[in-house]
Every structure is written in structure tokens, then in C-alpha cells.
file start10.cif (mmCIF, C-alpha atoms)
data_final
loop_
_atom_site.label_atom_id
_atom_site.label_comp_id
_atom_site.auth_asym_id
_atom_site.auth_seq_id
_atom_site.Cartn_x
_atom_site.Cartn_y
_atom_site.Cartn_z
CA MET A 1 -15.42 19.11 -109.89
CA ASN A 2 -16.21 22.55 -111.30
CA ASP A 3 -14.49 25.87 -110.56
CA SER A 4 -17.03 27.09 -108.00
CA GLU A 5 -16.58 23.99 -105.84
CA ASN A 6 -12.83 24.36 -105.95
CA THR A 7 -13.13 27.95 -104.80
CA ARG A 8 -15.34 27.02 -101.84
CA ASN A 9 -12.96 24.29 -100.70
CA ALA A 10 -10.03 26.65 -100.84
CA GLU A 11 -11.86 29.21 -98.69
CA LYS A 12 -12.70 26.53 -96.07
CA ALA A 13 -9.10 25.40 -95.85
CA GLU A 14 -7.92 28.99 -95.47
CA LYS A 15 -10.40 29.63 -92.62
CA ALA A 16 -9.39 26.43 -90.78
CA GLU A 17 -5.73 27.40 -91.04
CA LYS A 18 -6.43 30.88 -89.60
CA ALA A 19 -8.45 29.41 -86.67
CA GLU A 20 -5.66 26.99 -85.80
CA LYS A 21 -3.09 29.81 -85.86
CA ALA A 22 -5.27 31.96 -83.53
CA GLU A 23 -5.72 29.10 -81.05
CA ASN A 24 -1.98 28.43 -80.96
CA THR A 25 -1.29 32.13 -80.44
CA GLU A 26 -3.76 32.29 -77.44
CA LYS A 27 -2.18 29.22 -75.83
CA ALA A 28 1.26 30.73 -76.14
CA GLU A 29 0.13 34.00 -74.60
CA ASN A 30 -1.52 32.19 -71.63
CA THR A 31 1.59 30.13 -71.03
CA GLU A 32 3.74 33.24 -71.05
CA LYS A 33 1.42 35.00 -68.55
CA ALA A 34 1.50 32.03 -66.16
CA GLN A 35 5.28 31.90 -66.30
CA ASN A 36 5.52 35.64 -65.69
CA ALA A 37 3.16 35.37 -62.66
CA GLU A 38 5.14 32.49 -61.23
CA ASN A 39 8.39 34.34 -61.70
CA SER A 40 6.93 37.44 -60.03
CA GLU A 41 5.72 35.42 -57.04
CA SER A 42 9.08 33.71 -56.73
CA ALA A 43 10.80 37.07 -56.88
CA GLU A 44 8.52 38.46 -54.18
CA GLU A 45 9.23 35.48 -51.93
CA THR A 46 12.93 35.94 -52.56
CA ARG A 47 12.64 39.64 -51.75
CA ARG A 48 10.74 38.91 -48.56
CA ALA A 49 13.15 36.22 -47.50
CA GLY A 50 16.02 38.60 -48.09
CA HIS A 51 14.43 41.24 -45.90
CA ASP A 52 12.72 39.00 -43.27
CA THR A 53 13.71 39.69 -39.66
CA ALA A 54 13.77 37.73 -36.41
CA ASP A 55 12.27 40.54 -34.38
CA GLY A 56 9.91 42.18 -36.87
CA SER A 57 11.97 45.37 -36.96
CA GLY A 58 12.39 45.45 -40.72
CA SER A 59 16.17 45.07 -40.83
CA ALA A 60 17.59 42.28 -42.92
CA ALA A 61 17.76 38.90 -41.21
CA PRO A 62 21.00 36.91 -41.31
CA PRO A 63 21.16 34.13 -43.90
CA HIS A 64 20.71 31.27 -41.37
CA GLU A 65 17.38 32.78 -40.27
CA ARG A 66 16.02 33.10 -43.82
CA HIS A 67 15.73 29.32 -44.11
CA ARG A 68 13.78 28.71 -40.91
CA PRO A 69 10.58 26.67 -41.36
CA TRP A 70 7.22 28.40 -40.95
CA TRP A 71 6.68 26.83 -37.51
CA HIS A 72 9.92 28.18 -36.01
CA TRP A 73 9.23 30.26 -32.90
CA ARG A 74 10.95 33.35 -34.30
CA ARG A 75 8.80 33.30 -37.44
CA LEU A 76 5.62 32.68 -35.41
CA THR A 77 6.35 35.49 -32.96
CA GLY A 78 7.48 38.08 -35.49
CA SER A 79 4.55 40.34 -34.60
CA ARG A 80 2.50 41.07 -31.49
CA PRO A 81 -0.74 39.45 -32.76
CA ARG A 82 1.14 36.33 -33.70
CA LEU A 83 2.94 36.42 -30.36
CA ALA A 84 -0.36 36.51 -28.47
CA VAL A 85 -1.77 33.61 -30.48
CA THR A 86 1.42 31.62 -30.08
CA THR A 87 1.50 32.22 -26.32
CA GLY A 88 -2.07 31.00 -25.96
CA VAL A 89 -1.40 27.88 -28.01
CA ALA A 90 1.81 27.16 -26.09
CA GLY A 91 -0.05 27.58 -22.77
CA ALA A 92 -2.71 25.12 -23.86
CA VAL A 93 -0.09 22.60 -24.95
CA ILE A 94 1.88 22.96 -21.72
CA GLY A 95 -1.32 22.64 -19.67
CA ALA A 96 -2.19 19.46 -21.51
CA LEU A 97 1.27 18.08 -20.85
CA ILE A 98 1.06 18.92 -17.15
CA GLY A 99 -2.36 17.33 -16.94
CA GLY A 100 -0.96 14.27 -18.64
CA ALA A 101 1.84 14.16 -16.09
CA GLY A 102 -0.69 14.09 -13.24
CA VAL A 103 -2.55 11.20 -14.86
CA ALA A 104 0.74 9.41 -15.46
CA TRP A 105 1.35 9.16 -11.71
CA GLN A 106 -2.08 7.65 -11.25
CA THR A 107 -1.76 5.02 -13.95
CA GLY A 108 1.92 4.19 -13.65
CA THR A 109 2.71 5.22 -17.23
CA GLY A 110 4.81 7.99 -18.67
CA PRO A 111 7.89 9.73 -17.30
CA PHE A 112 6.44 10.31 -13.82
CA ALA A 113 5.64 6.68 -13.00
CA ASP A 114 8.07 6.68 -10.06
CA ASP A 115 6.91 9.95 -8.56
CA ARG A 116 6.14 10.16 -4.84
CA ALA A 117 3.14 11.50 -2.96
CA CYS A 118 2.53 13.67 0.11
CA TRP A 119 5.60 15.92 -0.10
CA GLY A 120 7.76 13.01 -1.26
CA ALA A 121 7.15 10.87 1.84
CA PHE A 122 5.13 8.08 0.16
CA SER A 123 6.23 5.79 -2.64
CA ARG A 124 3.68 4.16 -4.91
CA ASP A 125 3.93 1.02 -2.77
CA ASP A 126 3.23 3.03 0.39
CA VAL A 127 0.10 4.50 -1.16
CA ALA A 128 -1.04 1.11 -2.43
CA ALA A 129 -0.67 -0.36 1.07
CA LEU A 130 -3.09 2.27 2.39
CA PHE A 131 -5.66 1.41 -0.29
CA GLY A 132 -5.67 -2.37 -0.14
CA GLY A 133 -3.14 -2.79 -2.93
CA LYS A 134 -4.91 -0.50 -5.42
CA ARG A 135 -2.59 1.70 -7.49
CA ASP A 136 -4.98 3.91 -9.45
CA ILE A 137 -4.92 6.54 -6.69
CA GLU A 138 -5.17 10.26 -7.40
CA THR A 139 -3.03 12.60 -5.35
CA SER A 140 -2.99 16.34 -4.73
CA GLU A 141 -1.22 18.42 -2.13
CA VAL A 142 -0.52 21.85 -0.71
CA PRO A 143 3.18 22.24 0.20
CA ILE A 144 4.14 22.56 3.85
CA THR A 145 4.89 26.21 4.53
CA SER A 146 5.54 28.18 7.71
CA ASP A 147 3.73 31.27 8.93
CA ARG A 148 6.49 33.85 9.19
CA ILE A 149 4.19 36.64 10.36
CA GLY A 150 1.93 35.05 12.95
CA ASN A 151 2.58 32.19 15.31
CA GLU A 152 0.57 29.43 13.68
CA GLY A 153 3.54 27.32 12.65
CA PRO A 154 3.88 25.10 9.58
CA SER A 155 0.87 23.87 7.64
CA GLY A 156 0.21 21.76 4.57
CA GLU A 157 -2.26 19.22 3.22
CA CYS A 158 -2.18 16.11 1.05
CA ARG A 159 -5.19 14.25 -0.34
CA LEU A 160 -5.26 10.70 -1.68
CA ARG A 161 -8.41 9.59 -3.51
CA SER A 162 -9.51 6.26 -4.90
CA PRO A 163 -11.91 6.07 -7.88
CA ARG A 164 -14.01 3.77 -5.72
CA GLY A 165 -14.77 6.61 -3.29
CA ARG A 166 -12.28 6.07 -0.51
CA ARG A 167 -10.02 8.95 0.49
CA ILE A 168 -7.29 9.80 2.99
CA THR A 169 -6.49 13.35 4.08
CA VAL A 170 -3.09 14.17 5.54
CA GLN A 171 -2.44 17.42 7.39
CA ALA A 172 0.68 18.99 8.81
CA HIS A 173 -0.10 21.72 11.33
CA ARG A 174 0.63 23.12 14.74
CA LEU A 175 -2.02 22.53 17.36
CA ASP A 176 -3.27 25.70 18.96
CA ASN A 177 -3.73 26.08 22.71
CA TRP A 178 -7.49 26.37 22.66
CA PHE A 179 -9.49 23.26 23.53
CA GLY A 180 -7.40 20.63 21.88
CA GLY A 181 -6.52 22.49 18.72
CA SER A 182 -8.95 23.92 16.16
CA GLY A 183 -11.76 24.03 18.71
CA ASP A 184 -12.82 20.68 20.10
CA ARG A 185 -13.07 18.86 16.74
CA TRP A 186 -9.45 17.74 16.62
CA ALA A 187 -9.57 16.48 20.21
CA ASP A 188 -12.89 14.70 19.59
CA GLU A 189 -11.44 12.76 16.68
CA PHE A 190 -7.74 12.32 17.44
CA LEU A 191 -7.89 11.89 21.23
CA SER A 192 -10.80 9.47 20.97
CA ALA A 193 -10.77 6.34 23.13
CA ARG A 194 -10.73 4.26 19.92
CA LEU A 195 -7.13 5.34 19.31
CA THR A 196 -4.27 3.56 21.02
CA PRO A 197 -0.90 5.12 21.89
CA LEU A 198 1.96 4.45 19.48
CA GLY A 199 4.15 3.54 22.45
CA GLY A 200 7.89 3.88 22.78
CA GLY A 201 7.60 7.35 24.28
CA LEU A 202 6.09 8.74 21.05
CA LEU A 203 3.54 11.53 21.26
CA GLY A 204 1.01 9.99 18.93
CA MET A 205 -1.91 7.57 18.57
CA ALA A 206 -3.64 5.50 15.90
CA SER A 207 -6.82 3.61 15.07
CA ASP A 208 -8.17 2.14 11.83
CA THR A 209 -9.57 5.55 10.79
CA ARG A 210 -7.23 8.10 12.43
CA ALA A 211 -3.54 8.49 13.23
CA TRP A 212 -1.36 11.35 14.43
CA LEU A 213 2.20 11.93 15.55
CA ALA A 214 3.98 14.99 16.91
CA VAL A 215 7.33 16.05 15.53
CA PRO A 216 9.86 15.33 18.33
CA ASP A 217 11.20 18.27 20.30
CA GLY A 218 14.71 17.08 19.51
CA CYS A 219 14.11 18.13 15.91
CA VAL A 220 12.19 21.38 16.21
CA GLY A 221 13.11 22.36 19.77
CA ARG A 222 10.86 23.10 22.72
CA PRO A 223 8.78 26.29 22.68
CA ASN A 224 10.12 29.20 24.66
CA PRO A 225 8.22 29.23 27.99
CA SER A 226 8.10 33.03 27.85
CA ASP A 227 6.09 32.89 24.64
CA VAL A 228 2.37 32.24 24.38
CA PRO A 229 2.04 28.47 24.92
CA ASN A 230 1.73 26.52 21.70
CA GLY A 231 0.91 22.94 21.00
CA PRO A 232 3.22 20.60 19.12
CA THR A 233 3.59 20.39 15.36
CA VAL A 234 1.77 17.24 14.29
CA ILE A 235 1.06 15.29 11.13
CA ASP A 236 -2.24 13.43 11.12
CA LEU A 237 -4.24 11.21 8.78
CA GLU A 238 -7.98 10.63 8.60
CA THR A 239 -9.90 8.30 6.33
CA GLY A 240 -13.05 10.38 6.01
CA TRP A 241 -15.45 8.52 8.26
CA THR A 242 -15.93 7.84 11.97
CA VAL A 243 -16.64 4.40 13.41
CA TYR A 244 -18.68 4.22 16.59
CA ASP A 245 -18.08 0.65 17.76
CA ASP A 246 -15.08 -0.98 19.42
CA GLU A 247 -14.20 -3.32 16.55
CA VAL A 248 -10.90 -1.80 15.44
CA ASP A 249 -9.29 -3.33 12.35
CA THR A 250 -5.74 -3.84 13.64
CA GLU A 251 -4.27 -4.37 10.17
CA ALA A 252 -5.65 -1.02 8.95
CA ARG A 253 -4.57 0.62 12.21
CA ASP A 254 -1.02 -0.64 11.79
CA GLU A 255 -0.85 0.68 8.22
CA LEU A 256 -1.93 4.14 9.36
CA ALA A 257 0.58 4.05 12.22
CA ARG A 258 3.43 3.17 9.85
CA ALA A 259 2.27 5.81 7.38
CA VAL A 260 2.27 8.64 9.92
CA VAL A 261 5.77 7.67 11.08
CA LYS A 262 7.01 7.79 7.46
CA LEU A 263 5.50 11.23 7.09
CA VAL A 264 7.18 12.58 10.22
CA ASN A 265 10.53 10.97 9.36
CA HIS A 266 10.44 12.58 5.91
CA TYR A 267 9.47 15.95 7.38
CA MET A 268 12.37 15.78 9.86
CA ALA A 269 14.79 14.85 7.08
CA ASP A 270 13.66 17.92 5.12
CA LEU A 271 14.40 20.03 8.19
CA GLY A 272 17.89 18.55 8.40
CA CYS A 273 17.20 16.66 11.62
CA THR A 274 19.21 13.54 12.33
CA GLY A 275 17.74 10.25 13.47
CA THR A 276 14.52 8.49 12.52
CA ILE A 277 11.52 7.06 14.33
CA ALA A 278 11.30 3.28 14.20
CA ASP A 279 8.26 1.24 13.19
CA PRO A 280 5.90 1.64 16.19
CA VAL A 281 3.58 -1.29 15.55
CA GLY A 282 5.40 -3.69 17.88
CA GLU A 283 4.99 -1.23 20.79
CA MET A 284 1.25 -0.69 20.41
CA PRO A 285 -1.22 -2.31 22.80
CA ALA A 286 -4.35 -4.11 21.71
CA PRO A 287 -7.29 -1.93 20.62
CA PRO A 288 -9.79 -0.93 23.34
CA ARG A 289 -13.05 -2.75 23.96
CA PHE A 290 -16.25 -1.66 25.64
CA LEU A 291 -15.83 -1.77 29.40
CA ASP A 292 -18.06 -3.58 31.86
CA GLU A 293 -17.74 -0.94 34.55
CA LYS A 294 -18.50 -1.33 38.23
CA LYS A 295 -20.65 1.05 40.27
CA ASP A 296 -17.64 2.30 42.24
CA ALA A 297 -15.29 2.53 39.25
CA MET A 298 -16.78 4.63 36.50
CA CYS A 299 -14.65 4.37 33.34
CA GLY A 300 -12.46 1.93 35.27
CA VAL A 301 -11.30 4.66 37.70
CA LYS A 302 -11.30 3.27 41.23
CA GLY A 303 -13.05 5.50 43.74
CA LEU A 304 -15.21 7.19 41.10
CA PRO A 305 -18.85 6.21 41.71
CA LEU A 306 -21.17 5.97 38.75
CA PRO A 307 -23.81 8.76 38.98
CA GLY A 308 -27.37 7.60 39.55
CA ALA A 309 -28.57 8.72 36.12
CA TYR A 310 -25.97 6.57 34.41
CA GLN A 311 -26.87 3.58 36.58
CA ARG A 312 -30.59 3.87 35.80
CA GLU A 313 -30.48 4.85 32.14
CA GLY A 314 -27.35 3.07 31.01
CA ARG A 315 -26.31 5.94 28.67
CA GLY A 316 -23.98 3.76 26.65
CA ARG A 317 -21.11 1.50 27.61
CA PRO A 318 -17.78 3.28 27.99
CA LEU A 319 -14.75 2.86 25.76
CA VAL A 320 -11.43 3.56 27.52
CA THR A 321 -7.94 4.11 26.07
CA ARG A 322 -5.65 1.11 26.45
CA GLY A 323 -1.96 1.30 27.30
CA ASP A 324 0.31 3.98 28.67
CA GLY A 325 0.40 7.06 26.55
CA PRO A 326 -0.06 10.80 26.33
CA VAL A 327 -3.79 10.68 27.11
CA ARG A 328 -6.35 8.45 28.81
CA THR A 329 -9.86 9.00 27.43
CA CYS A 330 -13.20 7.51 28.44
CA ASP A 331 -15.96 8.05 25.85
CA ARG A 332 -19.58 6.97 26.06
CA GLY A 333 -22.60 7.60 23.86
CA VAL A 334 -20.57 8.60 20.78
CA LEU A 335 -22.72 10.00 17.97
CA PHE A 336 -21.23 11.28 14.70
CA GLY A 337 -17.78 11.37 16.28
CA HIS A 338 -18.89 13.43 19.27
CA PRO A 339 -19.11 11.69 22.68
CA GLY A 340 -22.16 12.23 24.87
CA LEU A 341 -19.85 12.20 27.88
CA ARG A 342 -16.06 12.34 27.99
CA LEU A 343 -13.68 12.01 30.92
CA MET A 344 -10.10 12.65 29.85
CA THR A 345 -6.68 12.97 31.48
CA VAL A 346 -3.99 14.55 29.29
CA GLU A 347 -0.74 13.49 30.93
CA ASP A 348 1.87 14.59 28.39
CA PRO A 349 2.79 18.24 29.07
CA ARG A 350 3.27 18.92 25.35
CA LEU A 351 -0.37 17.97 24.77
CA ALA A 352 -1.78 19.32 28.03
CA VAL A 353 -0.80 22.83 26.93
CA LEU A 354 -3.63 22.65 24.39
CA TYR A 355 -6.04 23.31 27.27
CA ASP A 356 -4.15 26.26 28.69
CA GLY A 357 -6.45 28.79 27.07
CA LEU A 358 -9.55 26.91 28.15
CA SER A 359 -8.40 26.73 31.76
CA ARG A 360 -8.14 30.53 31.82
CA ALA A 361 -11.50 31.08 30.14
CA GLY A 362 -13.55 29.95 33.15
CA ALA A 363 -12.52 32.80 35.43
CA LYS A 364 -16.18 33.55 36.26
CA GLU A 365 -16.60 30.12 37.81
CA PRO A 366 -13.08 29.25 38.99
CA VAL A 367 -12.19 25.99 40.67
CA LYS A 368 -9.78 26.32 43.57
CA ALA A 369 -7.18 23.93 44.87
CA GLY A 370 -4.00 24.34 46.91
CA GLU A 371 -1.75 27.33 46.32
CA GLY A 372 0.01 26.91 43.00
CA ASP A 373 -1.67 23.58 42.26
CA GLY A 374 -3.35 24.83 39.10
CA ARG A 375 -6.53 26.44 37.81
CA GLY A 376 -9.83 25.47 36.28
CA PHE A 377 -13.58 26.04 36.17
CA VAL A 378 -16.93 24.27 36.24
CA ARG A 379 -20.04 24.93 34.17
CA ASP A 380 -23.31 23.08 33.66
CA GLU A 381 -21.96 21.00 30.78
CA MET A 382 -18.22 21.02 31.46
CA GLY A 383 -15.56 21.11 34.10
CA MET A 384 -11.79 21.11 33.74
CA PHE A 385 -8.69 21.60 35.83
CA GLN A 386 -5.10 22.06 34.70
CA ALA A 387 -2.75 20.95 37.43
CA GLU A 388 0.91 21.82 37.84
CA CYS A 389 2.54 18.49 38.47
CA GLN A 390 6.17 17.46 38.86
CA THR A 391 6.34 16.47 35.20
CA GLY A 392 4.64 19.63 33.99
CA PRO A 393 1.02 20.60 33.29
CA VAL A 394 -1.64 17.86 33.30
CA SER A 395 -5.20 18.56 32.13
CA PHE A 396 -8.31 16.86 33.54
CA LEU A 397 -11.57 17.25 31.60
CA VAL A 398 -15.19 16.24 32.22
CA ARG A 399 -17.55 17.19 29.40
CA ALA A 400 -21.15 16.39 28.45
CA ASP A 401 -22.91 17.17 25.19
CA ASP A 402 -25.70 18.99 27.03
CA ALA A 403 -26.30 20.87 30.27
CA ASP A 404 -29.13 18.66 31.53
CA ARG A 405 -27.30 17.37 34.65
CA PRO A 406 -25.01 20.06 36.08
CA GLY A 407 -24.95 18.27 39.43
CA ASP A 408 -23.33 15.21 37.86
CA ILE A 409 -20.64 17.39 36.25
CA ARG A 410 -19.75 18.96 39.60
CA THR A 411 -19.61 15.64 41.40
CA LEU A 412 -17.63 13.91 38.67
CA LEU A 413 -15.07 16.70 38.36
CA THR A 414 -13.94 16.73 41.99
CA ARG A 415 -13.84 12.94 42.33
CA TYR A 416 -12.30 12.33 38.93
CA VAL A 417 -9.46 14.84 39.44
CA ALA A 418 -8.69 13.41 42.91
CA ALA A 419 -8.61 9.80 41.69
CA GLU A 420 -6.64 10.44 38.51
CA ALA A 421 -4.11 12.70 40.27
CA ASP A 422 -3.40 9.88 42.71
CA ARG A 423 -3.07 7.36 39.85
CA ILE A 424 -0.43 9.35 37.96
CA GLY A 425 1.43 10.54 41.07
CA CYS A 426 0.27 14.14 40.95
CA GLY A 427 -1.88 14.09 44.09
CA PRO A 428 -3.31 14.83 46.39
CA LEU A 429 -5.56 17.28 44.58
CA ARG A 430 -8.71 18.35 46.37
CA LEU A 431 -10.80 20.85 44.44
CA THR A 432 -13.14 23.45 45.88
CA LEU A 433 -15.96 24.42 43.55
CA PRO A 434 -17.65 27.82 43.40
CA GLY A 435 -20.84 28.06 45.44
CA GLY A 436 -19.47 25.82 48.18
CA GLY A 437 -19.45 22.66 46.06
#
call {"tool": "encode", "arguments": {"input": "start10.cif", "output": "C-alpha cells"}}
result
Amino acid sequence: MNDSENTRNAEKAEKAEKAEKAENTEKAENTEKAQNAENSESAEETRRAGHDTADGSGSAAPPHERHRPWWHWRRLTGSRPRLAVTTGVAGAVIGALIGGAGVAWQTGTGPFADDRACWGAFSRDDVAALFGGKRDIETSEVPITSDRIGNEGPSGECRLRSPRGRRITVQAHRLDNWFGGSGDRWADEFLSARLTPLGGGLLGMASDTRAWLAVPDGCVGRPNPSDVPNGPTVIDLETGWTVYDDEVDTEARDELARAVVKLVNHYMADLGCTGTIADPVGEMPAPPRFLDEKKDAMCGVKGLPLPGAYQREGRGRPLVTRGDGPVRTCDRGVLFGHPGLRLMTVEDPRLAVLYDGLSRAGAKEPVKAGEGDGRGFVRDEMGMFQAECQTGPVSFLVRADDADRPGDIRTLLTRYVAAEADRIGCGPLRLTLPGGG
């Protein structure tokens, strides 16, 4: 190898050595910078931790608060924006938990599996009995509260719903004194001839689609006679449909009767009342059936002739309340829960007061009787008389769904009141109608 080649090799070796030294120097500088950055960040975190606060005021936090995790509520709510976000998130979580609790009652899972329905009156077994043994029943309710300003009394509502479409609505309310409470709808449905009295002196009735029971006076006390007359406080149940025939399912009727008694017993216990109402089923008569009436005993009332129009046209067979109870109703031609003709005697004074307002409303066409015997009126589609009997007020009602035969209304009212007053021991009552009728 000559001198020139040796020189070139030496230069190459020197260049390679310089390149390696430069690379090592750059790596060392980068490593030092990374360590310095890490140390600075750590120092900043330490500084922040040393000056972090629980309330965002800027004063130093105590040592035990410096080690809180990032999700601790004090760290999350250290500023107003974070507080707003946290509140929203917490509300969503709580809402989800509450919603889950509602579902838990329906499915029997979770911490609320043993919860009760309808203000605490019904256990899960009670609800299942009302729905043929099904337990996947949804429940919602409005608490029973009292009107402290007006005179409407307590009110509340509970709804039970099956996924298969069936529902039961429970209401607690005081009946007003205007045509059977809440207009004539309540009377149409809950004083229907399809319902039978609960018996045992109870002010209540039941069928396979409706049931109601008044809270006993011994618990809530009788209304002051000097006040505006009020009806009783009742709890009622309805299944959401009306049946028009006389085939009453006695098993379903008995379940509704037991259910309404449980509701009233629970309500009385909440009021601090002593005593309970016993199972009424053994006291209830058989359900009513369509009546084969005679010409001289319309609706089974002896001495009440059947008007000619009803003899010729039929106009539906009558259904009459069975058993002794607060009301005796005769319905015929029922359509969508409303009878084409109703003859009704409300014997219980606590229920008869519901017609007090109506008896005063017919002053333009008053019905007269003996002095102090009562008051009433007659119109083309309706006639009623509220008598003052030994046991208290008794209401007699004759009502058609149209005004096509006013003569029949006039004839039926006088004869019906006379016959029914004799039957219940409130007679004789002989009415004089306006216009010499």
C-alpha cells in the first residue's frame, strides 16, 4: 500500500470518529432535555397540589385533601363550570337509578322487590290476585291529599297497568252533592244495577268491573248538618270497561270487593282510626239477572204498571239490584254505561245527600207533597223527589235518556215514589205535580 492510500484511510477513520462523537453528543442533549421537562412538569404538579383548594378560593388545601383522586366531588366541583357539569351528570345518574327502582317493583328484582302499591295498601300478591296471577304490573299513583282551602275533601289516584292492556284505576275522593257526585257519571257506573251491595251494613257495592266503599263515619265523623251537605269519602276501583249483560263474574267481583276493603282499611289506619272492616264476600248476595217483569210490577215494584210504550216496544229487559243495601236501581236499555231508563231509590241517608243539590234545582217545576215531606221536580226527561223519612233523607229518581215521552215520566214518578215509600216504611207519599198532574 502506498503513502497516498494510507493518507486517505486515515482521513476516513477520522471523519467516522467525529460523526460518532456528534451523534453521541446529540443523544445526550436530548436525554437531558427530556429529563428537565419531566422534572419541570413534576414540579408544577407538586406546586399545584401544594396550593390546591377544596373550594376554589386559592388558599392552600390541607394535606389530606391534596391526595384526593380526580373523581372526588370536591375536586370536580372546584369551579362553577365544573359544578354545573357535575350537577347535570349527577341528576342523570340519580334519574336512571330512580327509573331502575320503578322497574324493579314491576319485575321483582332489585332492592324494591317488596314494595307496595296504591299508597301502601296492596302487596305484590294483592296486585297479582287482581290480574289473574300476573306479576309484571306497572304502578303509578298520586298521593291522597286533602283540600285545606275548599270543601272538596281528600283526593288521590292509583293506576295499575298490565303489559297485556288491562288496567285498574283506583280513586279516593269525596262525592259531591250534585247528581250522584261528579255529575251523573259516577252514579251511572257505581250505582248501576249490575253492582251488588257489600252487605253487613257497609256503604258500598261491587261487580266484576266496579267496586266502591265509603269510609265509615266512625273514622272520619259525620258532616256538620249546618254545613253545605257533602257526600261521603269513598275509594272506588274501575277496570276500564263497562259490561252490558247480566253475566257477572263472581270470582272477579269478589276480588274487587276484597281489594276495596283493603284500601279503606289501610286509609283508616293512616288516619289513626281503630278497627277494621272484615272480608265482605260472605255477606254479598248473588249477582242480579234480567227480570221477567209483570205488567203491574215494572222493575219488580208492585203497584207500578208498565207504561204502554214499554209493553209494545219492549225497550230492553230490566236489571234490578239484588239484596238489601244503600240503593235499589232498575236499569234498562244500557248503552255505553248509560241506561236508557233508570228508576232508583237511594235509601242510605249518607248517599241520598248526593241528590240534595239536584232536588233544589227544579224549583221552576216543583213537585209538592205533604208539609215537610220533602221536595222535588219533574221535567220531560227526569223526575226526582227527596223525601224526609224517619231514617233521614231518601232520594227517588226516574230518568230517561231522552225527552220523547214526558207523559211516562210524570206517571212513573208519582206511582214509583208512592210504591217505594210504602216498601221502605217512609209512606204514605202522594205527590202533586205542576200543571195539575
call {"tool": "closest_residue", "arguments": {"input": "start10.cif", "among": "A:Val248, A:Ile235, A:Cys219, A:Leu191", "to": "Cys273 (chain A)", "atoms": "all atoms listed in the file"}}
result
A:Cys219
call {"tool": "residues_around", "arguments": {"input": "start10.cif", "residues": "Leu306 (chain A)", "least_positions_apart": "5", "cutoff": "8 Å", "atoms": "all atoms listed in the file", "output": "list in words"}}
result
Lys294, Lys295, Asp296, Ala297, Met298 and Gln311 of chain A
call {"tool": "closest_atom_pairs", "arguments": {"input": "start10.cif", "of": "region 306-401 of chain A", "to": "region 274-285 of chain A", "cutoff": "10 Å", "atoms": "only C-alpha atoms", "output": "JSON lines"}}
result
{"residue": "A:Thr321", "atom": "CA", "partner": "A:Pro285", "partner_atom": "CA", "distance": 9.9}
{"residue": "A:Arg322", "atom": "CA", "partner": "A:Pro285", "partner_atom": "CA", "distance": 6.7}
{"residue": "A:Gly323", "atom": "CA", "partner": "A:Pro285", "partner_atom": "CA", "distance": 5.8}
{"residue": "A:Asp324", "atom": "CA", "partner": "A:Pro285", "partner_atom": "CA", "distance": 8.7}
{"residue": "A:Gly325", "atom": "CA", "partner": "A:Met284", "partner_atom": "CA", "distance": 9.9}
call {"tool": "resolve_selection", "arguments": {"input": "start10.cif", "expression": "the PyMOL selection byres ((chain A and resi 359) around 12)", "output": "ChimeraX atom specification"}}
result
/A:177-180,352-358,360-368,374-378,382-387,393-397
call {"tool": "resolve_selection", "arguments": {"input": "start10.cif", "expression": "the PyMOL selection byres ((chain A and resi 329-338) around 7)", "output": "list in words"}}
result
Asp188, Glu189, Ser192, Ala193, Thr242, Tyr244, Cys299, Arg315, Gly316, Arg317, Pro318, Leu319, Val320, Thr321, Val327, Arg328, Pro339, Gly340, Leu341, Arg342, Leu343, Met344 and Thr345 of chain A
call {"tool": "resolve_selection", "arguments": {"input": "start10.cif", "expression": "the PyMOL selection byres ((chain A and resi 241) around 12)", "output": "list in words"}}
result
Gly165, Arg166, Arg167, Ile168, Thr169, Glu189, Asp208, Thr209, Arg210, Leu237, Glu238, Thr239, Gly240, Thr242, Val243, Tyr244, Phe336 and Gly337 of chain A
call {"tool": "atom_distance", "arguments": {"input": "start10.cif", "atom1": "CA of Pro287 (chain A)", "atom2": "CA of Ala121 (chain A)"}}
result
26.9 Å
call {"tool": "atom_distance", "arguments": {"input": "start10.cif", "atom1": "CA of Val142 (chain A)", "atom2": "CA of Cys158 (chain A)"}}
result
6.2 Å
call {"tool": "atom_distance", "arguments": {"input": "start10.cif", "atom1": "CA of Asp292 (chain A)", "atom2": "CA of Leu202 (chain A)"}}
result
29.2 Å
call {"tool": "axis_aligned_box", "arguments": {"input": "start10.cif", "around": "region 432-435 of chain A", "padding_each_side": "5 Å", "output": "AutoDock Vina command-line options"}}
result
--center_x -17.0 --center_y 25.8 --center_z 44.6 --size_x 17.7 --size_y 14.6 --size_z 12.5
call {"tool": "residues_near_point", "arguments": {"input": "start10.cif", "point": "(7.9, 18.2, 21.2)", "cutoff": "10 Å", "atoms": "all atoms listed in the file", "output": "MDAnalysis selection string"}}
result
chainID A and resid 202:203 214:223 231:234 349:351
call {"tool": "closest_residue", "arguments": {"input": "start10.cif", "among": "A:Gln171, A:Thr145, A:Thr196, A:Ser162", "to": "Pro326 (chain A)", "atoms": "all atoms listed in the file"}}
result
A:Thr196
call {"tool": "residues_around", "arguments": {"input": "start10.cif", "residues": "Thr432 (chain A)", "least_positions_apart": "3", "cutoff": "10 Å", "atoms": "all atoms listed in the file", "output": "number ranges by chain"}}
result
A: 366-370, 414, 429, 435-437
call {"tool": "residues_around", "arguments": {"input": "start10.cif", "residues": "Val127 (chain A)", "least_positions_apart": "6", "cutoff": "8 Å", "atoms": "only C-alpha atoms", "output": "PyMOL selection string"}}
result
chain A and resi 117+135+137
